[in-house]
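K.L.:
Pasting entry.pdb below, which is PDB, N, CA and C atoms and all ligand atoms.
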```
MODEL        1
ATOM      1  N   PRO S 164     148.778-103.883  82.862  1.00  0.00           N
ATOM      2  CA  PRO S 164     147.343-104.143  82.686  1.00  0.00           C
ATOM      3  C   PRO S 164     146.704-104.617  83.982  1.00  0.00           C
ATOM      4  N   ILE S 165     145.434-104.307  84.114  1.00  0.00           N
ATOM      5  CA  ILE S 165     144.690-104.740  85.295  1.00  0.00           C
ATOM      6  C   ILE S 165     144.320-106.215  85.144  1.00  0.00           C
ATOM      7  N   GLN S 166     144.493-106.936  86.239  1.00  0.00           N
ATOM      8  CA  GLN S 166     144.191-108.362  86.243  1.00  0.00           C
ATOM      9  C   GLN S 166     143.066-108.617  87.232  1.00  0.00           C
ATOM     10  N   VAL S 167     142.330-109.688  87.024  1.00  0.00           N
ATOM     11  CA  VAL S 167     141.256-110.031  87.964  1.00  0.00           C
ATOM     12  C   VAL S 167     141.574-111.366  88.614  1.00  0.00           C
ATOM     13  N   CYS S 168     141.286-111.478  89.899  1.00  0.00           N
ATOM     14  CA  CYS S 168     141.467-112.763  90.577  1.00  0.00           C
ATOM     15  C   CYS S 168     140.302-112.982  91.527  1.00  0.00           C
ATOM     16  N   ARG S 169     140.159-114.234  91.902  1.00  0.00           N
ATOM     17  CA  ARG S 169     139.114-114.602  92.854  1.00  0.00           C
ATOM     18  C   ARG S 169     139.749-115.234  94.070  1.00  0.00           C
ATOM     19  N   ILE S 170     139.212-114.914  95.216  1.00  0.00           N
ATOM     20  CA  ILE S 170     139.710-115.472  96.473  1.00  0.00           C
ATOM     21  C   ILE S 170     138.526-116.033  97.253  1.00  0.00           C
ATOM     22  N   ARG S 171     138.653-117.256  97.711  1.00  0.00           N
ATOM     23  CA  ARG S 171     137.636-117.846  98.593  1.00  0.00           C
ATOM     24  C   ARG S 171     137.916-117.366 100.012  1.00  0.00           C
ATOM     25  N   ILE S 172     136.876-116.915 100.712  1.00  0.00           N
ATOM     26  CA  ILE S 172     137.056-116.398 102.065  1.00  0.00           C
ATOM     27  C   ILE S 172     136.172-117.170 103.040  1.00  0.00           C
ATOM     28  N   ASN S 173     136.791-117.794 103.996  1.00  0.00           N
ATOM     29  CA  ASN S 173     136.056-118.528 105.029  1.00  0.00           C
ATOM     30  C   ASN S 173     135.913-117.678 106.284  1.00  0.00           C
ATOM     31  N   GLY S 174     134.768-117.759 106.926  1.00  0.00           N
ATOM     32  CA  GLY S 174     134.586-117.147 108.229  1.00  0.00           C
ATOM     33  C   GLY S 174     133.701-115.914 108.238  1.00  0.00           C
ATOM     34  N   MET S 175     133.224-115.477 107.068  1.00  0.00           N
ATOM     35  CA  MET S 175     132.359-114.295 107.033  1.00  0.00           C
ATOM     36  C   MET S 175     130.930-114.727 107.346  1.00  0.00           C
ATOM     37  N   THR S 176     130.321-114.050 108.322  1.00  0.00           N
ATOM     38  CA  THR S 176     128.970-114.440 108.696  1.00  0.00           C
ATOM     39  C   THR S 176     127.944-113.324 108.523  1.00  0.00           C
ATOM     40  N   CYS S 177     128.374-112.101 108.311  1.00  0.00           N
ATOM     41  CA  CYS S 177     127.406-111.018 108.113  1.00  0.00           C
ATOM     42  C   CYS S 177     127.940-110.033 107.068  1.00  0.00           C
ATOM     43  N   THR S 178     127.080-109.116 106.649  1.00  0.00           N
ATOM     44  CA  THR S 178     127.494-108.169 105.610  1.00  0.00           C
ATOM     45  C   THR S 178     128.541-107.190 106.127  1.00  0.00           C
ATOM     46  N   SER S 179     128.604-107.015 107.439  1.00  0.00           N
ATOM     47  CA  SER S 179     129.652-106.172 107.999  1.00  0.00           C
ATOM     48  C   SER S 179     131.015-106.841 107.838  1.00  0.00           C
ATOM     49  N   CYS S 180     131.038-108.152 107.970  1.00  0.00           N
ATOM     50  CA  CYS S 180     132.264-108.918 107.709  1.00  0.00           C
ATOM     51  C   CYS S 180     132.738-108.675 106.276  1.00  0.00           C
ATOM     52  N   SER S 181     131.845-108.860 105.319  1.00  0.00           N
ATOM     53  CA  SER S 181     132.250-108.735 103.925  1.00  0.00           C
ATOM     54  C   SER S 181     132.639-107.297 103.584  1.00  0.00           C
ATOM     55  N   SER S 182     131.960-106.321 104.197  1.00  0.00           N
ATOM     56  CA  SER S 182     132.328-104.922 103.974  1.00  0.00           C
ATOM     57  C   SER S 182     133.716-104.618 104.493  1.00  0.00           C
ATOM     58  N   THR S 183     134.059-105.211 105.632  1.00  0.00           N
ATOM     59  CA  THR S 183     135.387-105.011 106.216  1.00  0.00           C
ATOM     60  C   THR S 183     136.472-105.501 105.270  1.00  0.00           C
ATOM     61  N   VAL S 184     136.270-106.700 104.724  1.00  0.00           N
ATOM     62  CA  VAL S 184     137.255-107.268 103.803  1.00  0.00           C
ATOM     63  C   VAL S 184     137.339-106.434 102.524  1.00  0.00           C
ATOM     64  N   GLU S 185     136.187-106.042 102.024  1.00  0.00           N
ATOM     65  CA  GLU S 185     136.151-105.257 100.795  1.00  0.00           C
ATOM     66  C   GLU S 185     136.884-103.925 100.967  1.00  0.00           C
ATOM     67  N   SER S 186     136.646-103.248 102.077  1.00  0.00           N
ATOM     68  CA  SER S 186     137.323-101.975 102.347  1.00  0.00           C
ATOM     69  C   SER S 186     138.825-102.166 102.471  1.00  0.00           C
ATOM     70  N   ALA S 187     139.233-103.249 103.146  1.00  0.00           N
ATOM     71  CA  ALA S 187     140.667-103.511 103.337  1.00  0.00           C
ATOM     72  C   ALA S 187     141.341-103.734 101.985  1.00  0.00           C
ATOM     73  N   LEU S 188     140.696-104.476 101.113  1.00  0.00           N
ATOM     74  CA  LEU S 188     141.267-104.730  99.785  1.00  0.00           C
ATOM     75  C   LEU S 188     141.342-103.437  98.975  1.00  0.00           C
ATOM     76  N   GLN S 189     140.280-102.645  99.035  1.00  0.00           N
ATOM     77  CA  GLN S 189     140.231-101.421  98.242  1.00  0.00           C
ATOM     78  C   GLN S 189     141.216-100.370  98.740  1.00  0.00           C
ATOM     79  N   ALA S 190     141.642-100.504  99.991  1.00  0.00           N
ATOM     80  CA  ALA S 190     142.590 -99.537 100.547  1.00  0.00           C
ATOM     81  C   ALA S 190     144.018 -99.801 100.073  1.00  0.00           C
ATOM     82  N   LEU S 191     144.237-100.965  99.467  1.00  0.00           N
ATOM     83  CA  LEU S 191     145.579-101.308  98.998  1.00  0.00           C
ATOM     84  C   LEU S 191     145.935-100.539  97.737  1.00  0.00           C
ATOM     85  N   ARG S 192     147.165-100.038  97.714  1.00  0.00           N
ATOM     86  CA  ARG S 192     147.666 -99.456  96.473  1.00  0.00           C
ATOM     87  C   ARG S 192     147.708-100.555  95.421  1.00  0.00           C
ATOM     88  N   GLY S 193     147.235-100.253  94.227  1.00  0.00           N
ATOM     89  CA  GLY S 193     147.273-101.236  93.152  1.00  0.00           C
ATOM     90  C   GLY S 193     145.960-101.981  92.963  1.00  0.00           C
ATOM     91  N   VAL S 194     145.046-101.829  93.932  1.00  0.00           N
ATOM     92  CA  VAL S 194     143.728-102.447  93.775  1.00  0.00           C
ATOM     93  C   VAL S 194     142.785-101.424  93.147  1.00  0.00           C
ATOM     94  N   GLN S 195     142.235-101.781  91.999  1.00  0.00           N
ATOM     95  CA  GLN S 195     141.335-100.871  91.303  1.00  0.00           C
ATOM     96  C   GLN S 195     139.924-100.969  91.880  1.00  0.00           C
ATOM     97  N   SER S 196     139.459-102.190  92.083  1.00  0.00           N
ATOM     98  CA  SER S 196     138.153-102.374  92.702  1.00  0.00           C
ATOM     99  C   SER S 196     138.063-103.786  93.244  1.00  0.00           C
ATOM    100  N   SER S 197     137.157-103.966  94.191  1.00  0.00           N
ATOM    101  CA  SER S 197     136.939-105.314  94.695  1.00  0.00           C
ATOM    102  C   SER S 197     135.490-105.464  95.085  1.00  0.00           C
ATOM    103  N   ASN S 198     135.013-106.671  94.924  1.00  0.00           N
ATOM    104  CA  ASN S 198     133.656-106.989  95.319  1.00  0.00           C
ATOM    105  C   ASN S 198     133.705-108.261  96.158  1.00  0.00           C
ATOM    106  N   VAL S 199     133.210-108.162  97.381  1.00  0.00           N
ATOM    107  CA  VAL S 199     133.219-109.329  98.259  1.00  0.00           C
ATOM    108  C   VAL S 199     131.776-109.759  98.479  1.00  0.00           C
ATOM    109  N   ALA S 200     131.470-110.989  98.070  1.00  0.00           N
ATOM    110  CA  ALA S 200     130.108-111.511  98.179  1.00  0.00           C
ATOM    111  C   ALA S 200     130.006-112.454  99.366  1.00  0.00           C
ATOM    112  N   LEU S 201     129.123-112.106 100.275  1.00  0.00           N
ATOM    113  CA  LEU S 201     128.917-112.932 101.463  1.00  0.00           C
ATOM    114  C   LEU S 201     128.331-114.292 101.077  1.00  0.00           C
ATOM    115  N   ALA S 202     127.363-114.285 100.164  1.00  0.00           N
ATOM    116  CA  ALA S 202     126.631-115.502  99.819  1.00  0.00           C
ATOM    117  C   ALA S 202     127.549-116.577  99.233  1.00  0.00           C
ATOM    118  N   THR S 203     128.442-116.154  98.352  1.00  0.00           N
ATOM    119  CA  THR S 203     129.314-117.127  97.690  1.00  0.00           C
ATOM    120  C   THR S 203     130.658-117.265  98.408  1.00  0.00           C
ATOM    121  N   GLU S 204     130.886-116.428  99.423  1.00  0.00           N
ATOM    122  CA  GLU S 204     132.155-116.418 100.158  1.00  0.00           C
ATOM    123  C   GLU S 204     133.335-116.191  99.229  1.00  0.00           C
ATOM    124  N   GLU S 205     133.132-115.310  98.265  1.00  0.00           N
ATOM    125  CA  GLU S 205     134.188-115.045  97.291  1.00  0.00           C
ATOM    126  C   GLU S 205     134.450-113.561  97.138  1.00  0.00           C
ATOM    127  N   ALA S 206     135.729-113.267  96.926  1.00  0.00           N
ATOM    128  CA  ALA S 206     136.112-111.906  96.563  1.00  0.00           C
ATOM    129  C   ALA S 206     136.552-111.900  95.114  1.00  0.00           C
ATOM    130  N   GLU S 207     136.157-110.860  94.396  1.00  0.00           N
ATOM    131  CA  GLU S 207     136.637-110.633  93.042  1.00  0.00           C
ATOM    132  C   GLU S 207     137.421-109.329  93.096  1.00  0.00           C
ATOM    133  N   VAL S 208     138.685-109.401  92.717  1.00  0.00           N
ATOM    134  CA  VAL S 208     139.560-108.241  92.865  1.00  0.00           C
ATOM    135  C   VAL S 208     140.205-107.881  91.535  1.00  0.00           C
ATOM    136  N   TYR S 209     140.093-106.621  91.162  1.00  0.00           N
ATOM    137  CA  TYR S 209     140.777-106.095  89.977  1.00  0.00           C
ATOM    138  C   TYR S 209     142.006-105.343  90.471  1.00  0.00           C
ATOM    139  N   TYR S 210     143.173-105.783  90.024  1.00  0.00           N
ATOM    140  CA  TYR S 210     144.394-105.213  90.586  1.00  0.00           C
ATOM    141  C   TYR S 210     145.498-105.144  89.531  1.00  0.00           C
ATOM    142  N   ASP S 211     146.476-104.298  89.828  1.00  0.00           N
ATOM    143  CA  ASP S 211     147.643-104.163  88.964  1.00  0.00           C
ATOM    144  C   ASP S 211     148.781-104.979  89.577  1.00  0.00           C
ATOM    145  N   PRO S 212     149.134-106.113  88.975  1.00  0.00           N
ATOM    146  CA  PRO S 212     150.147-106.997  89.555  1.00  0.00           C
ATOM    147  C   PRO S 212     151.537-106.372  89.612  1.00  0.00           C
ATOM    148  N   LYS S 213     151.725-105.247  88.936  1.00  0.00           N
ATOM    149  CA  LYS S 213     153.006-104.556  89.038  1.00  0.00           C
ATOM    150  C   LYS S 213     153.093-103.747  90.322  1.00  0.00           C
ATOM    151  N   VAL S 214     151.948-103.484  90.934  1.00  0.00           N
ATOM    152  CA  VAL S 214     151.904-102.651  92.135  1.00  0.00           C
ATOM    153  C   VAL S 214     151.631-103.484  93.386  1.00  0.00           C
ATOM    154  N   VAL S 215     150.750-104.450  93.256  1.00  0.00           N
ATOM    155  CA  VAL S 215     150.402-105.275  94.416  1.00  0.00           C
ATOM    156  C   VAL S 215     150.337-106.739  93.966  1.00  0.00           C
ATOM    157  N   SER S 216     150.867-107.628  94.819  1.00  0.00           N
ATOM    158  CA  SER S 216     150.932-109.042  94.437  1.00  0.00           C
ATOM    159  C   SER S 216     149.696-109.807  94.908  1.00  0.00           C
ATOM    160  N   TYR S 217     149.482-110.942  94.279  1.00  0.00           N
ATOM    161  CA  TYR S 217     148.375-111.795  94.686  1.00  0.00           C
ATOM    162  C   TYR S 217     148.523-112.194  96.162  1.00  0.00           C
ATOM    163  N   ASN S 218     149.757-112.489  96.576  1.00  0.00           N
ATOM    164  CA  ASN S 218     149.997-112.868  97.971  1.00  0.00           C
ATOM    165  C   ASN S 218     149.626-111.746  98.936  1.00  0.00           C
ATOM    166  N   GLN S 219     149.851-110.498  98.523  1.00  0.00           N
ATOM    167  CA  GLN S 219     149.470-109.368  99.368  1.00  0.00           C
ATOM    168  C   GLN S 219     147.947-109.285  99.509  1.00  0.00           C
ATOM    169  N   LEU S 220     147.244-109.644  98.448  1.00  0.00           N
ATOM    170  CA  LEU S 220     145.779-109.656  98.520  1.00  0.00           C
ATOM    171  C   LEU S 220     145.320-110.706  99.526  1.00  0.00           C
ATOM    172  N   LEU S 221     145.905-111.899  99.428  1.00  0.00           N
ATOM    173  CA  LEU S 221     145.562-112.965 100.382  1.00  0.00           C
ATOM    174  C   LEU S 221     145.889-112.538 101.811  1.00  0.00           C
ATOM    175  N   GLN S 222     147.073-111.932 101.991  1.00  0.00           N
ATOM    176  CA  GLN S 222     147.509-111.513 103.320  1.00  0.00           C
ATOM    177  C   GLN S 222     146.560-110.470 103.903  1.00  0.00           C
ATOM    178  N   THR S 223     146.067-109.574 103.056  1.00  0.00           N
ATOM    179  CA  THR S 223     145.147-108.531 103.519  1.00  0.00           C
ATOM    180  C   THR S 223     143.845-109.139 104.024  1.00  0.00           C
ATOM    181  N   VAL S 224     143.363-110.153 103.314  1.00  0.00           N
ATOM    182  CA  VAL S 224     142.155-110.849 103.769  1.00  0.00           C
ATOM    183  C   VAL S 224     142.413-111.504 105.123  1.00  0.00           C
ATOM    184  N   GLU S 225     143.554-112.166 105.235  1.00  0.00           N
ATOM    185  CA  GLU S 225     143.915-112.826 106.500  1.00  0.00           C
ATOM    186  C   GLU S 225     144.032-111.800 107.632  1.00  0.00           C
ATOM    187  N   ASP S 226     144.644-110.660 107.346  1.00  0.00           N
ATOM    188  CA  ASP S 226     144.821-109.618 108.355  1.00  0.00           C
ATOM    189  C   ASP S 226     143.474-109.040 108.809  1.00  0.00           C
ATOM    190  N   SER S 227     142.452-109.161 107.957  1.00  0.00           N
ATOM    191  CA  SER S 227     141.115-108.695 108.329  1.00  0.00           C
ATOM    192  C   SER S 227     140.436-109.685 109.266  1.00  0.00           C
ATOM    193  N   GLY S 228     141.060-110.850 109.436  1.00  0.00           N
ATOM    194  CA  GLY S 228     140.533-111.803 110.391  1.00  0.00           C
ATOM    195  C   GLY S 228     139.815-113.001 109.782  1.00  0.00           C
ATOM    196  N   PHE S 229     140.032-113.231 108.498  1.00  0.00           N
ATOM    197  CA  PHE S 229     139.358-114.328 107.827  1.00  0.00           C
ATOM    198  C   PHE S 229     140.368-115.213 107.111  1.00  0.00           C
ATOM    199  N   GLU S 230     139.909-116.395 106.740  1.00  0.00           N
ATOM    200  CA  GLU S 230     140.798-117.327 106.055  1.00  0.00           C
ATOM    201  C   GLU S 230     140.661-117.136 104.553  1.00  0.00           C
ATOM    202  N   ALA S 231     141.781-116.951 103.884  1.00  0.00           N
ATOM    203  CA  ALA S 231     141.779-116.724 102.435  1.00  0.00           C
ATOM    204  C   ALA S 231     142.337-117.937 101.703  1.00  0.00           C
ATOM    205  N   ILE S 232     141.617-118.367 100.677  1.00  0.00           N
ATOM    206  CA  ILE S 232     142.026-119.538  99.908  1.00  0.00           C
ATOM    207  C   ILE S 232     142.015-119.192  98.423  1.00  0.00           C
ATOM    208  N   LEU S 233     143.084-119.520  97.768  1.00  0.00           N
ATOM    209  CA  LEU S 233     143.236-119.236  96.343  1.00  0.00           C
ATOM    210  C   LEU S 233     142.199-120.013  95.519  1.00  0.00           C
ATOM    211  N   ILE S 234     141.532-119.318  94.635  1.00  0.00           N
ATOM    212  CA  ILE S 234     140.628-120.008  93.703  1.00  0.00           C
ATOM    213  C   ILE S 234     141.243-119.991  92.307  1.00  0.00           C
ATOM    214  N   SER S 235     141.539-118.797  91.823  1.00  0.00           N
ATOM    215  CA  SER S 235     142.132-118.705  90.493  1.00  0.00           C
ATOM    216  C   SER S 235     142.992-117.456  90.405  1.00  0.00           C
TER     217      SER S 235
HETATM  218 MO1  LIG S 301     128.963-109.003 112.670  1.00  0.00          MO
HETATM  219 MO2  LIG S 301     130.575-110.229 110.928  1.00  0.00          MO
HETATM  220  O1  LIG S 301     129.595-108.853 114.422  1.00  0.00           O
HETATM  221  O2  LIG S 301     131.913-110.857 112.043  1.00  0.00           O
HETATM  222  S1  LIG S 301     130.865-108.215 111.612  1.00  0.00           S
HETATM  223  S2  LIG S 301     129.221-111.271 112.261  1.00  0.00           S
ENDMDL
END
```
Written as structure tokens, that's how I'd like the structure from this file.
Ligand code: 9UX

P.N.:
Amino acid sequence: PIQVCRIRINGMTCTSCSSTVESALQALRGVQSSNVALATEEAEVYYDPKVVSYNQLLQTVEDSGFEAILIS
């Protein structure tokens, strides 16, 4: 089943920043969709935990150049 999680992202200052993170998350196998909001500094990710882990989602955000913090 698809699961949803939220990630707090520090360091995004423009919509290009948030688009970069969103694209990186969506490029992952196992991610169905993601929405990264600049205003709230949060990502909402729908993913299949059998294919991609929560830690991989956090790592992808970090690899995009931002700080990722677990919310839920
Ligand atoms: Mo625009 Mo966001 O240069 O880092 S992409 S501020």

K.L.:
For the contact check between chain S and ligand LIG 301 (chain S), emit one row per residue of chain S within 7 Å, containing the shortest atom pair and the distance in Å rounded to one decimal, counting all atoms listed in the file, chain then rising number order, as JSON lines.

P.N.:
```
{"residue": "S:Gly174", "atom": "C", "partner": "S:LIG301", "partner_atom": "O2", "distance": 6.6}
{"residue": "S:Met175", "atom": "C", "partner": "S:LIG301", "partner_atom": "MO2", "distance": 5.8}
{"residue": "S:Thr176", "atom": "C", "partner": "S:LIG301", "partner_atom": "S2", "distance": 4.5}
{"residue": "S:Cys177", "atom": "N", "partner": "S:LIG301", "partner_atom": "MO2", "distance": 3.9}
{"residue": "S:Thr178", "atom": "N", "partner": "S:LIG301", "partner_atom": "MO2", "distance": 5.6}
{"residue": "S:Ser179", "atom": "C", "partner": "S:LIG301", "partner_atom": "S1", "distance": 4.0}
{"residue": "S:Cys180", "atom": "N", "partner": "S:LIG301", "partner_atom": "MO2", "distance": 3.6}
{"residue": "S:Ser181", "atom": "N", "partner": "S:LIG301", "partner_atom": "MO2", "distance": 5.9}
```

K.L.:
To one decimal place, how far is atom N of Glu230 (chain S) from atom C of Val194 (chain S) in Å?

P.N.:
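Between these atoms lies a distance of 20.4 Å.
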
K.L.:
Box in all listed atoms of region 198-215 of chain S, axis-aligned, with 5 Å more on each side; write out centre and edge lengths in Å to one decimal as lines of an AutoDock Vina configuration file.

P.N.:
```
center_x = 139.9
center_y = -110.0
center_z = 95.2
size_x = 36.5
size_y = 24.6
size_z = 22.5
```

K.L.:
So that I can check the surroundings of Pro164 (chain S), please list as number ranges by chain every protein, DNA and RNA residue that reaches within 6.5 Å of it, counting only N, CA and C atoms and ignoring chain neighbours fewer than 6 positions away.

P.N.:
S: 210-212

K.L.:
If I take atom C of Asn173 (chain S) and atom C of Val214 (chain S), how far is one from the other in Å, to one decimal?

P.N.:
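Separating atom C of Asn173 (chain S) from atom C of Val214 (chain S) is a distance of 24.8 Å.
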